[in-house]
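The next block is target00.cif, given as mmCIF, N, CA and C atoms.
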data_protein
loop_
_atom_site.label_atom_id
_atom_site.label_comp_id
_atom_site.auth_asym_id
_atom_site.auth_seq_id
_atom_site.Cartn_x
_atom_site.Cartn_y
_atom_site.Cartn_z
N MET E 26 147.46 159.65 85.95
CA MET E 26 148.15 160.57 86.82
C MET E 26 148.93 161.58 85.98
N PRO E 27 148.84 162.86 86.31
CA PRO E 27 149.57 163.86 85.51
C PRO E 27 151.08 163.72 85.71
N PRO E 28 151.85 164.15 84.72
CA PRO E 28 153.30 164.06 84.85
C PRO E 28 153.80 164.96 85.97
N THR E 29 154.89 164.55 86.60
CA THR E 29 155.51 165.37 87.64
C THR E 29 156.20 166.57 87.00
N LEU E 30 156.54 167.53 87.80
CA LEU E 30 157.31 168.66 87.29
C LEU E 30 158.66 168.18 86.76
N TYR E 31 159.23 167.20 87.43
CA TYR E 31 160.48 166.59 86.98
C TYR E 31 160.34 166.08 85.54
N GLU E 32 159.25 165.39 85.27
CA GLU E 32 159.01 164.86 83.91
C GLU E 32 158.73 166.00 82.93
N ARG E 33 157.98 166.98 83.37
CA ARG E 33 157.61 168.09 82.48
C ARG E 33 158.81 168.90 82.01
N ILE E 34 159.82 169.03 82.87
CA ILE E 34 160.97 169.84 82.47
C ILE E 34 162.05 169.05 81.74
N GLY E 35 161.86 167.74 81.60
CA GLY E 35 162.79 166.95 80.81
C GLY E 35 163.56 165.89 81.56
N GLY E 36 163.24 165.69 82.84
CA GLY E 36 163.84 164.60 83.59
C GLY E 36 165.28 164.83 83.99
N GLU E 37 165.97 163.72 84.21
CA GLU E 37 167.32 163.74 84.77
C GLU E 37 168.29 164.61 83.99
N ASP E 38 168.33 164.45 82.68
CA ASP E 38 169.28 165.23 81.88
C ASP E 38 169.06 166.72 82.04
N ALA E 39 167.81 167.15 81.99
CA ALA E 39 167.50 168.58 82.11
C ALA E 39 167.87 169.12 83.48
N VAL E 40 167.55 168.37 84.53
CA VAL E 40 167.85 168.83 85.88
C VAL E 40 169.37 168.91 86.09
N HIS E 41 170.10 167.94 85.62
CA HIS E 41 171.55 167.96 85.80
C HIS E 41 172.20 169.06 84.95
N ARG E 42 171.66 169.32 83.77
CA ARG E 42 172.18 170.45 82.98
C ARG E 42 171.95 171.77 83.70
N LEU E 43 170.78 171.92 84.32
CA LEU E 43 170.48 173.11 85.09
C LEU E 43 171.47 173.28 86.25
N ALA E 44 171.71 172.20 86.99
CA ALA E 44 172.64 172.25 88.12
C ALA E 44 174.04 172.60 87.65
N GLU E 45 174.48 172.02 86.56
CA GLU E 45 175.81 172.32 86.02
C GLU E 45 175.92 173.77 85.57
N ALA E 46 174.88 174.28 84.91
CA ALA E 46 174.89 175.68 84.47
C ALA E 46 174.91 176.63 85.67
N PHE E 47 174.15 176.29 86.71
CA PHE E 47 174.13 177.11 87.91
C PHE E 47 175.52 177.20 88.53
N TYR E 48 176.16 176.06 88.72
CA TYR E 48 177.47 176.08 89.36
C TYR E 48 178.57 176.65 88.48
N ARG E 49 178.45 176.53 87.18
CA ARG E 49 179.42 177.20 86.30
C ARG E 49 179.39 178.70 86.57
N ARG E 50 178.18 179.22 86.70
CA ARG E 50 178.04 180.66 86.97
C ARG E 50 178.49 181.02 88.38
N VAL E 51 178.13 180.21 89.36
CA VAL E 51 178.53 180.48 90.75
C VAL E 51 180.05 180.50 90.86
N PHE E 52 180.72 179.51 90.33
CA PHE E 52 182.17 179.40 90.49
C PHE E 52 182.93 180.42 89.64
N ALA E 53 182.25 181.03 88.68
CA ALA E 53 182.87 182.09 87.89
C ALA E 53 182.65 183.46 88.51
N ASP E 54 181.84 183.54 89.54
CA ASP E 54 181.48 184.81 90.16
C ASP E 54 182.34 185.07 91.40
N ASP E 55 183.07 186.17 91.40
CA ASP E 55 183.97 186.48 92.51
C ASP E 55 183.24 186.67 93.84
N LEU E 56 182.01 187.13 93.81
CA LEU E 56 181.24 187.35 95.02
C LEU E 56 180.68 186.04 95.59
N LEU E 57 180.20 185.16 94.71
CA LEU E 57 179.56 183.92 95.15
C LEU E 57 180.54 182.78 95.44
N ARG E 58 181.61 182.69 94.68
CA ARG E 58 182.55 181.57 94.81
C ARG E 58 183.02 181.32 96.25
N PRO E 59 183.35 182.36 97.03
CA PRO E 59 183.83 182.10 98.40
C PRO E 59 182.79 181.47 99.33
N LEU E 60 181.53 181.47 98.95
CA LEU E 60 180.50 180.88 99.79
C LEU E 60 180.52 179.36 99.75
N PHE E 61 181.29 178.78 98.85
CA PHE E 61 181.33 177.33 98.68
C PHE E 61 182.69 176.80 99.11
N ARG E 62 182.67 175.68 99.83
CA ARG E 62 183.91 175.10 100.36
C ARG E 62 184.84 174.59 99.28
N GLU E 63 184.28 174.03 98.25
CA GLU E 63 185.11 173.47 97.19
C GLU E 63 184.46 173.78 95.86
N THR E 64 185.27 173.86 94.85
CA THR E 64 184.73 174.04 93.50
C THR E 64 184.96 172.74 92.75
N GLY E 65 183.91 172.20 92.20
CA GLY E 65 184.05 170.96 91.46
C GLY E 65 182.71 170.42 91.01
N ASP E 66 182.78 169.39 90.23
CA ASP E 66 181.58 168.79 89.65
C ASP E 66 180.69 168.14 90.70
N GLU E 67 181.23 167.83 91.86
CA GLU E 67 180.44 167.15 92.89
C GLU E 67 179.27 168.01 93.35
N HIS E 68 179.47 169.32 93.43
CA HIS E 68 178.36 170.21 93.81
C HIS E 68 177.19 170.05 92.84
N ALA E 69 177.47 170.10 91.57
CA ALA E 69 176.41 170.01 90.56
C ALA E 69 175.71 168.65 90.63
N HIS E 70 176.47 167.61 90.84
CA HIS E 70 175.87 166.27 90.94
C HIS E 70 174.91 166.21 92.13
N ARG E 71 175.36 166.69 93.28
CA ARG E 71 174.51 166.66 94.49
C ARG E 71 173.27 167.52 94.31
N LEU E 72 173.44 168.72 93.74
CA LEU E 72 172.28 169.58 93.50
C LEU E 72 171.31 168.92 92.53
N GLY E 73 171.83 168.27 91.51
CA GLY E 73 170.96 167.58 90.55
C GLY E 73 170.15 166.48 91.21
N LEU E 74 170.79 165.71 92.09
CA LEU E 74 170.06 164.66 92.81
C LEU E 74 168.96 165.26 93.68
N TRP E 75 169.30 166.32 94.40
CA TRP E 75 168.34 166.93 95.32
C TRP E 75 167.17 167.55 94.56
N LEU E 76 167.48 168.32 93.51
CA LEU E 76 166.41 168.94 92.72
C LEU E 76 165.53 167.89 92.06
N SER E 77 166.13 166.84 91.55
CA SER E 77 165.35 165.78 90.90
C SER E 77 164.32 165.20 91.86
N GLU E 78 164.76 164.88 93.06
CA GLU E 78 163.84 164.31 94.04
C GLU E 78 162.78 165.33 94.46
N LEU E 79 163.20 166.55 94.66
CA LEU E 79 162.29 167.63 95.07
C LEU E 79 161.19 167.86 94.03
N LEU E 80 161.53 167.68 92.76
CA LEU E 80 160.59 167.94 91.67
C LEU E 80 159.77 166.70 91.27
N GLY E 81 159.90 165.62 92.03
CA GLY E 81 159.08 164.45 91.77
C GLY E 81 159.78 163.33 91.05
N GLY E 82 161.09 163.43 90.91
CA GLY E 82 161.87 162.38 90.25
C GLY E 82 162.26 161.29 91.23
N PRO E 83 163.22 160.47 90.84
CA PRO E 83 163.64 159.35 91.69
C PRO E 83 164.23 159.83 93.01
N ALA E 84 164.14 158.99 94.02
CA ALA E 84 164.61 159.32 95.36
C ALA E 84 166.11 159.05 95.52
N ALA E 85 166.88 159.33 94.50
CA ALA E 85 168.32 159.04 94.52
C ALA E 85 169.05 159.87 95.57
N HIS E 86 168.61 161.09 95.81
CA HIS E 86 169.29 161.91 96.83
C HIS E 86 169.14 161.26 98.21
N THR E 87 167.94 160.81 98.52
CA THR E 87 167.72 160.13 99.80
C THR E 87 168.52 158.84 99.86
N GLU E 88 168.52 158.08 98.79
CA GLU E 88 169.23 156.80 98.77
C GLU E 88 170.75 156.97 98.84
N GLU E 89 171.29 157.94 98.10
CA GLU E 89 172.74 158.10 98.01
C GLU E 89 173.32 159.01 99.09
N ARG E 90 172.53 160.02 99.51
CA ARG E 90 173.08 161.05 100.38
C ARG E 90 172.37 161.18 101.72
N GLY E 91 171.24 160.48 101.89
CA GLY E 91 170.54 160.53 103.17
C GLY E 91 169.36 161.48 103.22
N GLY E 92 169.11 162.21 102.14
CA GLY E 92 167.93 163.05 102.07
C GLY E 92 168.10 164.44 102.64
N PHE E 93 166.94 165.07 102.86
CA PHE E 93 166.90 166.47 103.27
C PHE E 93 167.63 166.71 104.58
N ALA E 94 167.45 165.85 105.56
CA ALA E 94 168.07 166.06 106.87
C ALA E 94 169.59 166.13 106.76
N VAL E 95 170.18 165.29 105.94
CA VAL E 95 171.63 165.30 105.75
C VAL E 95 172.05 166.59 105.05
N MET E 96 171.31 166.97 104.02
CA MET E 96 171.61 168.20 103.29
C MET E 96 171.50 169.41 104.22
N ALA E 97 170.43 169.47 105.00
CA ALA E 97 170.25 170.59 105.93
C ALA E 97 171.35 170.62 106.98
N GLY E 98 171.75 169.46 107.47
CA GLY E 98 172.82 169.39 108.45
C GLY E 98 174.15 169.86 107.88
N ALA E 99 174.40 169.55 106.62
CA ALA E 99 175.65 169.97 105.99
C ALA E 99 175.71 171.49 105.83
N HIS E 100 174.55 172.13 105.79
CA HIS E 100 174.50 173.58 105.62
C HIS E 100 174.27 174.33 106.92
N SER E 101 174.00 173.62 108.00
CA SER E 101 173.76 174.31 109.27
C SER E 101 175.07 174.93 109.75
N GLY E 102 174.96 176.04 110.39
CA GLY E 102 176.14 176.72 110.89
C GLY E 102 176.86 177.56 109.84
N LEU E 103 176.38 177.55 108.61
CA LEU E 103 177.02 178.32 107.54
C LEU E 103 176.51 179.76 107.48
N ARG E 104 175.56 180.10 108.32
CA ARG E 104 174.98 181.43 108.39
C ARG E 104 174.42 181.88 107.04
N ILE E 105 173.72 180.96 106.37
CA ILE E 105 173.06 181.28 105.11
C ILE E 105 171.76 182.00 105.45
N THR E 106 171.59 183.18 104.89
CA THR E 106 170.37 183.94 105.16
C THR E 106 169.68 184.31 103.87
#

Structure rendered as structure tokens:
Amino acid sequence: MPPTLYERIGGEDAVHRLAEAFYRRVFADDLLRPLFRETGDEHAHRLGLWLSELLGGPAAHTEERGGFAVMAGAHSGLRIT
């Protein structure tokens, strides 16, 4: 079986580094920062879990956070376009 995209990009460490780099930039940006309810490491952790599962890694987001439906519900009503 060919490696998953998750494996190809370097697995958990790579995905979590990507999520942390993304949020460092978001929270440093005056335009983007107000779109998020809180600033903290928890955002990066949750994004890392979600991206990992989405890219073929472990189902930790589903196990720890309830999966896509919970994530979508948390973002509903935020008028994200």

Picked residues, the PyMOL selection byres (((chain E and resi 94-104 and name CA) around 10) and name CA), as a list in words
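In the shown coordinates, the PyMOL selection byres (((chain E and resi 94-104 and name CA) around 10) and name CA) covers Leu60, Phe61, Arg71, Leu72, Trp75, His86, Thr87, Arg90, Gly91, Gly92, Phe93, Ile105 and Thr106 of chain E.
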
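CA of Gly36 in chain E lies 7.3 Å from CA of Gly82 in chain E.
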
Quick check, in Å to one decimal: how far apart do atom C of Ala85 in chain E and CA of His41 in chain E lie?
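If I compute the distance from atom C of Ala85 in chain E to CA of His41 in chain E, I get 12.9 Å.
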
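Our summary of the geometry notes that atom N of Ala39 in chain E is positioned 26.6 Å from atom C of Leu56 in chain E.
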
Starting from the PyMOL selection byres ((chain E and resi 44-52) around 7), expand the selection into actual residues of this file and give them as a list in words.
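Checked against the file, the PyMOL selection byres ((chain E and resi 44-52) around 7) matches Ala39, Val40, His41, Arg42, Leu43, Ala53, Asp54, Asp55, Leu57, Arg58, Thr64, His68, Ala69, His70, Leu72 and Gly73 of chain E.
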
Shortest interatomic distance to Gly81 in chain E - which of E:Met26, E:Glu37, E:Tyr31, E:Asp66, counting all atoms listed in the file:
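For Gly81 in chain E, the nearest of the given residues is E:Tyr31.
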
Any chance you could model all heavy atoms for range 88-99 of chain E and send them as a JSON list (two decimals), in the frame of the given file?
[["chain", "number", "residue", "atom", "x", "y", "z"],
["E", 88, "GLU", "N", 168.52, 158.08, 98.79],
["E", 88, "GLU", "CA", 169.23, 156.80, 98.77],
["E", 88, "GLU", "C", 170.75, 156.97, 98.84],
["E", 88, "GLU", "O", 171.42, 156.24, 99.55],
["E", 88, "GLU", "CB", 168.85, 156.02, 97.52],
["E", 88, "GLU", "CG", 167.40, 155.58, 97.52],
["E", 88, "GLU", "CD", 166.92, 155.10, 96.16],
["E", 88, "GLU", "OE1", 167.72, 155.05, 95.20],
["E", 88, "GLU", "OE2", 165.71, 154.81, 96.05],
["E", 89, "GLU", "N", 171.29, 157.94, 98.10],
["E", 89, "GLU", "CA", 172.74, 158.10, 98.01],
["E", 89, "GLU", "C", 173.32, 159.01, 99.09],
["E", 89, "GLU", "O", 174.46, 158.83, 99.51],
["E", 89, "GLU", "CB", 173.13, 158.67, 96.65],
["E", 89, "GLU", "CG", 172.90, 157.71, 95.51],
["E", 89, "GLU", "CD", 173.31, 158.31, 94.18],
["E", 89, "GLU", "OE1", 174.24, 159.15, 94.12],
["E", 89, "GLU", "OE2", 172.68, 157.94, 93.16],
["E", 90, "ARG", "N", 172.53, 160.02, 99.51],
["E", 90, "ARG", "CA", 173.08, 161.05, 100.38],
["E", 90, "ARG", "C", 172.37, 161.18, 101.72],
["E", 90, "ARG", "O", 172.78, 161.94, 102.56],
["E", 90, "ARG", "CB", 173.03, 162.40, 99.67],
["E", 90, "ARG", "CG", 173.64, 162.35, 98.30],
["E", 90, "ARG", "CD", 174.77, 163.24, 97.99],
["E", 90, "ARG", "NE", 175.16, 164.20, 98.96],
["E", 90, "ARG", "CZ", 176.37, 164.22, 99.52],
["E", 90, "ARG", "NH1", 177.26, 163.32, 99.22],
["E", 90, "ARG", "NH2", 176.69, 165.16, 100.39],
["E", 91, "GLY", "N", 171.24, 160.48, 101.89],
["E", 91, "GLY", "CA", 170.54, 160.53, 103.17],
["E", 91, "GLY", "C", 169.36, 161.48, 103.22],
["E", 91, "GLY", "O", 168.69, 161.59, 104.23],
["E", 92, "GLY", "N", 169.11, 162.21, 102.14],
["E", 92, "GLY", "CA", 167.93, 163.05, 102.07],
["E", 92, "GLY", "C", 168.10, 164.44, 102.64],
["E", 92, "GLY", "O", 169.20, 164.93, 102.89],
["E", 93, "PHE", "N", 166.94, 165.07, 102.86],
["E", 93, "PHE", "CA", 166.90, 166.47, 103.27],
["E", 93, "PHE", "C", 167.63, 166.71, 104.58],
["E", 93, "PHE", "O", 168.35, 167.71, 104.73],
["E", 93, "PHE", "CB", 165.45, 166.95, 103.38],
["E", 93, "PHE", "CG", 165.34, 168.39, 103.78],
["E", 93, "PHE", "CD1", 165.52, 169.39, 102.84],
["E", 93, "PHE", "CD2", 165.10, 168.74, 105.09],
["E", 93, "PHE", "CE1", 165.45, 170.73, 103.20],
["E", 93, "PHE", "CE2", 165.03, 170.07, 105.47],
["E", 93, "PHE", "CZ", 165.20, 171.07, 104.52],
["E", 94, "ALA", "N", 167.45, 165.85, 105.56],
["E", 94, "ALA", "CA", 168.07, 166.06, 106.87],
["E", 94, "ALA", "C", 169.59, 166.13, 106.76],
["E", 94, "ALA", "O", 170.23, 166.97, 107.40],
["E", 94, "ALA", "CB", 167.66, 164.96, 107.84],
["E", 95, "VAL", "N", 170.18, 165.29, 105.94],
["E", 95, "VAL", "CA", 171.63, 165.30, 105.75],
["E", 95, "VAL", "C", 172.05, 166.59, 105.05],
["E", 95, "VAL", "O", 173.02, 167.25, 105.44],
["E", 95, "VAL", "CB", 172.10, 164.06, 104.97],
["E", 95, "VAL", "CG1", 173.57, 164.17, 104.58],
["E", 95, "VAL", "CG2", 171.86, 162.81, 105.79],
["E", 96, "MET", "N", 171.31, 166.97, 104.02],
["E", 96, "MET", "CA", 171.61, 168.20, 103.29],
["E", 96, "MET", "C", 171.50, 169.41, 104.22],
["E", 96, "MET", "O", 172.38, 170.27, 104.25],
["E", 96, "MET", "CB", 170.68, 168.36, 102.09],
["E", 96, "MET", "CG", 170.99, 169.53, 101.18],
["E", 96, "MET", "SD", 170.25, 171.11, 101.65],
["E", 96, "MET", "CE", 168.53, 170.72, 101.65],
["E", 97, "ALA", "N", 170.43, 169.47, 105.00],
["E", 97, "ALA", "CA", 170.25, 170.59, 105.93],
["E", 97, "ALA", "C", 171.35, 170.62, 106.98],
["E", 97, "ALA", "O", 171.88, 171.69, 107.32],
["E", 97, "ALA", "CB", 168.88, 170.49, 106.59],
["E", 98, "GLY", "N", 171.75, 169.46, 107.47],
["E", 98, "GLY", "CA", 172.82, 169.39, 108.45],
["E", 98, "GLY", "C", 174.15, 169.86, 107.88],
["E", 98, "GLY", "O", 174.94, 170.51, 108.58],
["E", 99, "ALA", "N", 174.40, 169.55, 106.62],
["E", 99, "ALA", "CA", 175.65, 169.97, 105.99],
["E", 99, "ALA", "C", 175.71, 171.49, 105.83],
["E", 99, "ALA", "O", 176.80, 172.07, 105.76],
["E", 99, "ALA", "CB", 175.80, 169.31, 104.62]]
